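S.K.: Attaching a single structure in structure tokens format; questions to follow.
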Amino acid sequence: MELTIEKLLEENPELPWLEVERGWLPLISELIKELKPYLHKDPTFKIEQIKQKFGSLRVYYTARQENWDEIGKIVDKYESISAKTCEMCGTKEEVKLVKPRYWIFNLCPKCNDNLKKQILKWLL
Ligand SMILES: [Zn+2]
């Protein structure tokens, strides 16, 4: 079954609203699995925001200082995987940063074409 934001949030109430496209949802699903142990052992650990910034995943959180290193390592890992993953469809083939107008997206050639068509429609 296809992963949706609603489904991820329902299964993981610890997640904030996700400001990302569908292609990265599987990454976030894996990320939250790895973070669960810290959510259990550190009551101050809270994921504040998950979004796309400059074409890669950004995760903002608060946690006890003693956990920063380990949580940071996990988050870094998924941020760098996201940089090589098309944010629309999730493929890792020929993904690159594209900058249509004011935005930056991380896309495969096919999703880039679709987006260009979409933007042309908005502009007409
Ligand atoms: Zn794509």
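In the structure tokens, chains take letters A, B, ... by order of appearance, with residues numbered from 1 within each chain and ligands from 1 in the order shown.
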Under the rule of at most 7 Å, produce a per-residue listing of chain A near ligand 1: chain, number, name, the closest pair of atoms, and the distance in Å, as CSV, using only C-alpha atoms and all ligand atoms.
M.R.:
```
residue,atom,partner,partner_atom_place_in_ligand_line,distance
A:Cys86,CA,ligand 1,1 (Zn),4.7
A:Glu87,CA,ligand 1,1 (Zn),6.6
A:Met88,CA,ligand 1,1 (Zn),5.0
A:Cys89,CA,ligand 1,1 (Zn),4.1
A:Gly90,CA,ligand 1,1 (Zn),6.0
A:Thr91,CA,ligand 1,1 (Zn),5.7
A:Leu107,CA,ligand 1,1 (Zn),5.3
A:Cys108,CA,ligand 1,1 (Zn),4.2
A:Pro109,CA,ligand 1,1 (Zn),6.8
A:Lys110,CA,ligand 1,1 (Zn),5.8
A:Cys111,CA,ligand 1,1 (Zn),4.3
```
S.K.: Within 7 Å of stretch 59-62 of chain A, counting only C-alpha atoms, which residues show up once you throw out same-chain ones fewer than 4 positions away? Write them as a list of chain:residue names, please.
M.R.: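 Non-adjacent residues within range: A:Thr44, A:Phe45, A:Lys46, A:Ile47, A:Glu48, A:Gln49, A:Ile50, A:Lys51, A:Val75.
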S.K.: Take the residues just selected and output them with N, CA and C atoms as a short mmCIF file (atom, residue, chain, number, x, y, z; two decimals), in the first residue's frame.
M.R.:
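Below is the file result09.cif, written as the result:
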```
data_model
loop_
_atom_site.label_atom_id
_atom_site.label_comp_id
_atom_site.auth_asym_id
_atom_site.auth_seq_id
_atom_site.Cartn_x
_atom_site.Cartn_y
_atom_site.Cartn_z
N THR A 44 12.37 14.49 26.88
CA THR A 44 12.47 15.85 26.34
C THR A 44 12.64 15.84 24.82
N PHE A 45 12.86 14.65 24.27
CA PHE A 45 13.09 14.54 22.82
C PHE A 45 11.78 14.82 22.07
N LYS A 46 11.83 15.83 21.22
CA LYS A 46 10.65 16.18 20.44
C LYS A 46 11.10 16.59 19.04
N ILE A 47 10.44 16.00 18.05
CA ILE A 47 10.72 16.39 16.66
C ILE A 47 9.82 17.58 16.35
N GLU A 48 10.46 18.72 16.11
CA GLU A 48 9.69 19.96 15.96
C GLU A 48 9.21 20.18 14.54
N GLN A 49 10.08 19.87 13.58
CA GLN A 49 9.74 20.17 12.20
C GLN A 49 10.51 19.28 11.24
N ILE A 50 9.84 18.82 10.20
CA ILE A 50 10.50 18.07 9.13
C ILE A 50 10.09 18.70 7.81
N LYS A 51 11.10 19.17 7.07
CA LYS A 51 10.75 19.82 5.81
C LYS A 51 11.89 19.68 4.80
N VAL A 75 19.95 11.51 12.05
CA VAL A 75 19.32 12.55 11.23
C VAL A 75 20.22 12.90 10.03
#
```
S.K.: With only C-alpha atoms as the atoms that count, which of A:Leu123, A:Ile28, A:Ala83, A:Leu15 lies nearest to A:Lys53?
M.R.: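 With only C-alpha atoms as the atom set, the closest residue is A:Ala83.
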S.K.: Any idea what's packed within 9 Å of A:Asn106, counting only C-alpha atoms, ignoring anything in its chain fewer than 4 positions away? Could you give it as JSON, numbers by chain?
M.R.: {"A": [54, 55, 56, 82, 83, 84, 85, 86, 87, 88, 95, 96, 97, 98, 99, 112]}
S.K.: Quick check for you: according to DSSP on this backbone, which residues of stretch 27-111 of chain A are classed as alpha helix (DSSP H)? Reply as a ChimeraX atom specification.
M.R.: /A:27-41,68-82,109-111
S.K.: Keeping only N, CA and C atoms, take the residues you just selected and write them out as a compact mmCIF listing (two decimals), in the first residue's frame.
M.R.:
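To be explicit, this is the file written out as part_20.txt:
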```
# COMPACT_ATOMS: atom_id res chain seq x y z
N LEU A 27 11.71 7.40 3.45
CA LEU A 27 12.89 7.78 4.25
C LEU A 27 12.47 8.19 5.66
N ILE A 28 11.39 8.96 5.73
CA ILE A 28 10.93 9.45 7.03
C ILE A 28 10.41 8.30 7.87
N SER A 29 9.80 7.33 7.19
CA SER A 29 9.32 6.14 7.89
C SER A 29 10.49 5.37 8.53
N GLU A 30 11.59 5.25 7.78
CA GLU A 30 12.79 4.59 8.33
C GLU A 30 13.43 5.43 9.43
N LEU A 31 13.47 6.72 9.20
CA LEU A 31 14.06 7.65 10.17
C LEU A 31 13.35 7.54 11.53
N ILE A 32 12.04 7.55 11.50
CA ILE A 32 11.31 7.55 12.76
C ILE A 32 11.48 6.21 13.48
N LYS A 33 11.65 5.13 12.71
CA LYS A 33 11.92 3.83 13.32
C LYS A 33 13.22 3.87 14.12
N GLU A 34 14.25 4.49 13.52
CA GLU A 34 15.54 4.58 14.21
C GLU A 34 15.51 5.53 15.39
N LEU A 35 14.60 6.50 15.34
CA LEU A 35 14.55 7.47 16.43
C LEU A 35 13.69 7.02 17.61
N LYS A 36 12.84 6.04 17.38
CA LYS A 36 11.91 5.59 18.43
C LYS A 36 12.58 5.31 19.77
N PRO A 37 13.72 4.59 19.79
CA PRO A 37 14.34 4.30 21.09
C PRO A 37 14.64 5.57 21.89
N TYR A 38 15.02 6.64 21.18
CA TYR A 38 15.33 7.90 21.88
C TYR A 38 14.07 8.58 22.36
N LEU A 39 13.00 8.44 21.56
CA LEU A 39 11.72 9.01 21.99
C LEU A 39 11.26 8.35 23.28
N HIS A 40 11.60 7.06 23.43
CA HIS A 40 11.20 6.35 24.64
C HIS A 40 12.08 6.70 25.84
N LYS A 41 13.39 6.82 25.60
CA LYS A 41 14.27 7.00 26.75
C LYS A 41 14.51 8.47 27.14
N TRP A 68 22.40 14.26 21.77
CA TRP A 68 22.56 15.02 20.52
C TRP A 68 23.42 14.28 19.50
N ASP A 69 24.54 13.72 19.95
CA ASP A 69 25.45 13.06 19.00
C ASP A 69 24.77 11.92 18.27
N GLU A 70 24.13 11.04 19.05
CA GLU A 70 23.53 9.85 18.44
C GLU A 70 22.34 10.21 17.56
N ILE A 71 21.48 11.09 18.05
CA ILE A 71 20.33 11.51 17.24
C ILE A 71 20.83 12.24 15.99
N GLY A 72 21.82 13.10 16.20
CA GLY A 72 22.38 13.86 15.07
C GLY A 72 22.92 12.95 13.98
N LYS A 73 23.56 11.86 14.38
CA LYS A 73 24.12 10.93 13.40
C LYS A 73 23.01 10.31 12.54
N ILE A 74 21.94 9.90 13.21
CA ILE A 74 20.81 9.28 12.50
C ILE A 74 20.18 10.31 11.54
N VAL A 75 19.95 11.51 12.05
CA VAL A 75 19.32 12.55 11.23
C VAL A 75 20.22 12.90 10.03
N ASP A 76 21.53 13.04 10.28
CA ASP A 76 22.47 13.35 9.19
C ASP A 76 22.41 12.30 8.09
N LYS A 77 22.34 11.04 8.52
CA LYS A 77 22.32 9.94 7.55
C LYS A 77 21.13 10.11 6.60
N TYR A 78 19.94 10.38 7.17
CA TYR A 78 18.76 10.50 6.31
C TYR A 78 18.77 11.80 5.52
N GLU A 79 19.36 12.85 6.06
CA GLU A 79 19.47 14.08 5.28
C GLU A 79 20.34 13.84 4.05
N SER A 80 21.43 13.06 4.21
CA SER A 80 22.27 12.84 3.02
C SER A 80 21.63 11.84 2.06
N ILE A 81 20.87 10.86 2.55
CA ILE A 81 20.15 9.98 1.61
C ILE A 81 19.13 10.82 0.82
N SER A 82 18.45 11.73 1.49
CA SER A 82 17.42 12.54 0.81
C SER A 82 18.03 13.36 -0.33
N PRO A 109 14.93 13.20 -13.79
CA PRO A 109 14.56 13.90 -15.03
C PRO A 109 13.06 13.88 -15.32
N LYS A 110 12.41 12.74 -15.02
CA LYS A 110 10.98 12.62 -15.33
C LYS A 110 10.15 13.58 -14.46
N CYS A 111 10.42 13.61 -13.19
CA CYS A 111 9.66 14.50 -12.30
C CYS A 111 9.99 15.96 -12.59
```
S.K.: So which residues of stretch 25-123 of chain A fall under strand (DSSP E) by DSSP, listed as a VMD selection string?
M.R.: chain A and resid 46 to 53 56 to 62 96 to 98 105 to 107
S.K.: To one decimal place, how far is atom CA of A:Arg58 from atom CA of A:Ile104 in Å?
M.R.: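 These atoms are spaced 13.8 Å apart.
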S.K.: One decimal, in Å: what's the spacing between atom CA of A:Gln52 and atom CA of A:Pro100?
M.R.: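 Going from atom CA of A:Gln52 over to atom CA of A:Pro100, I get 15.3 Å.
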S.K.: Work out how far atom CA of A:Leu25 is from atom CA of A:Leu57, in Å to one decimal.
M.R.: 10.6 Å
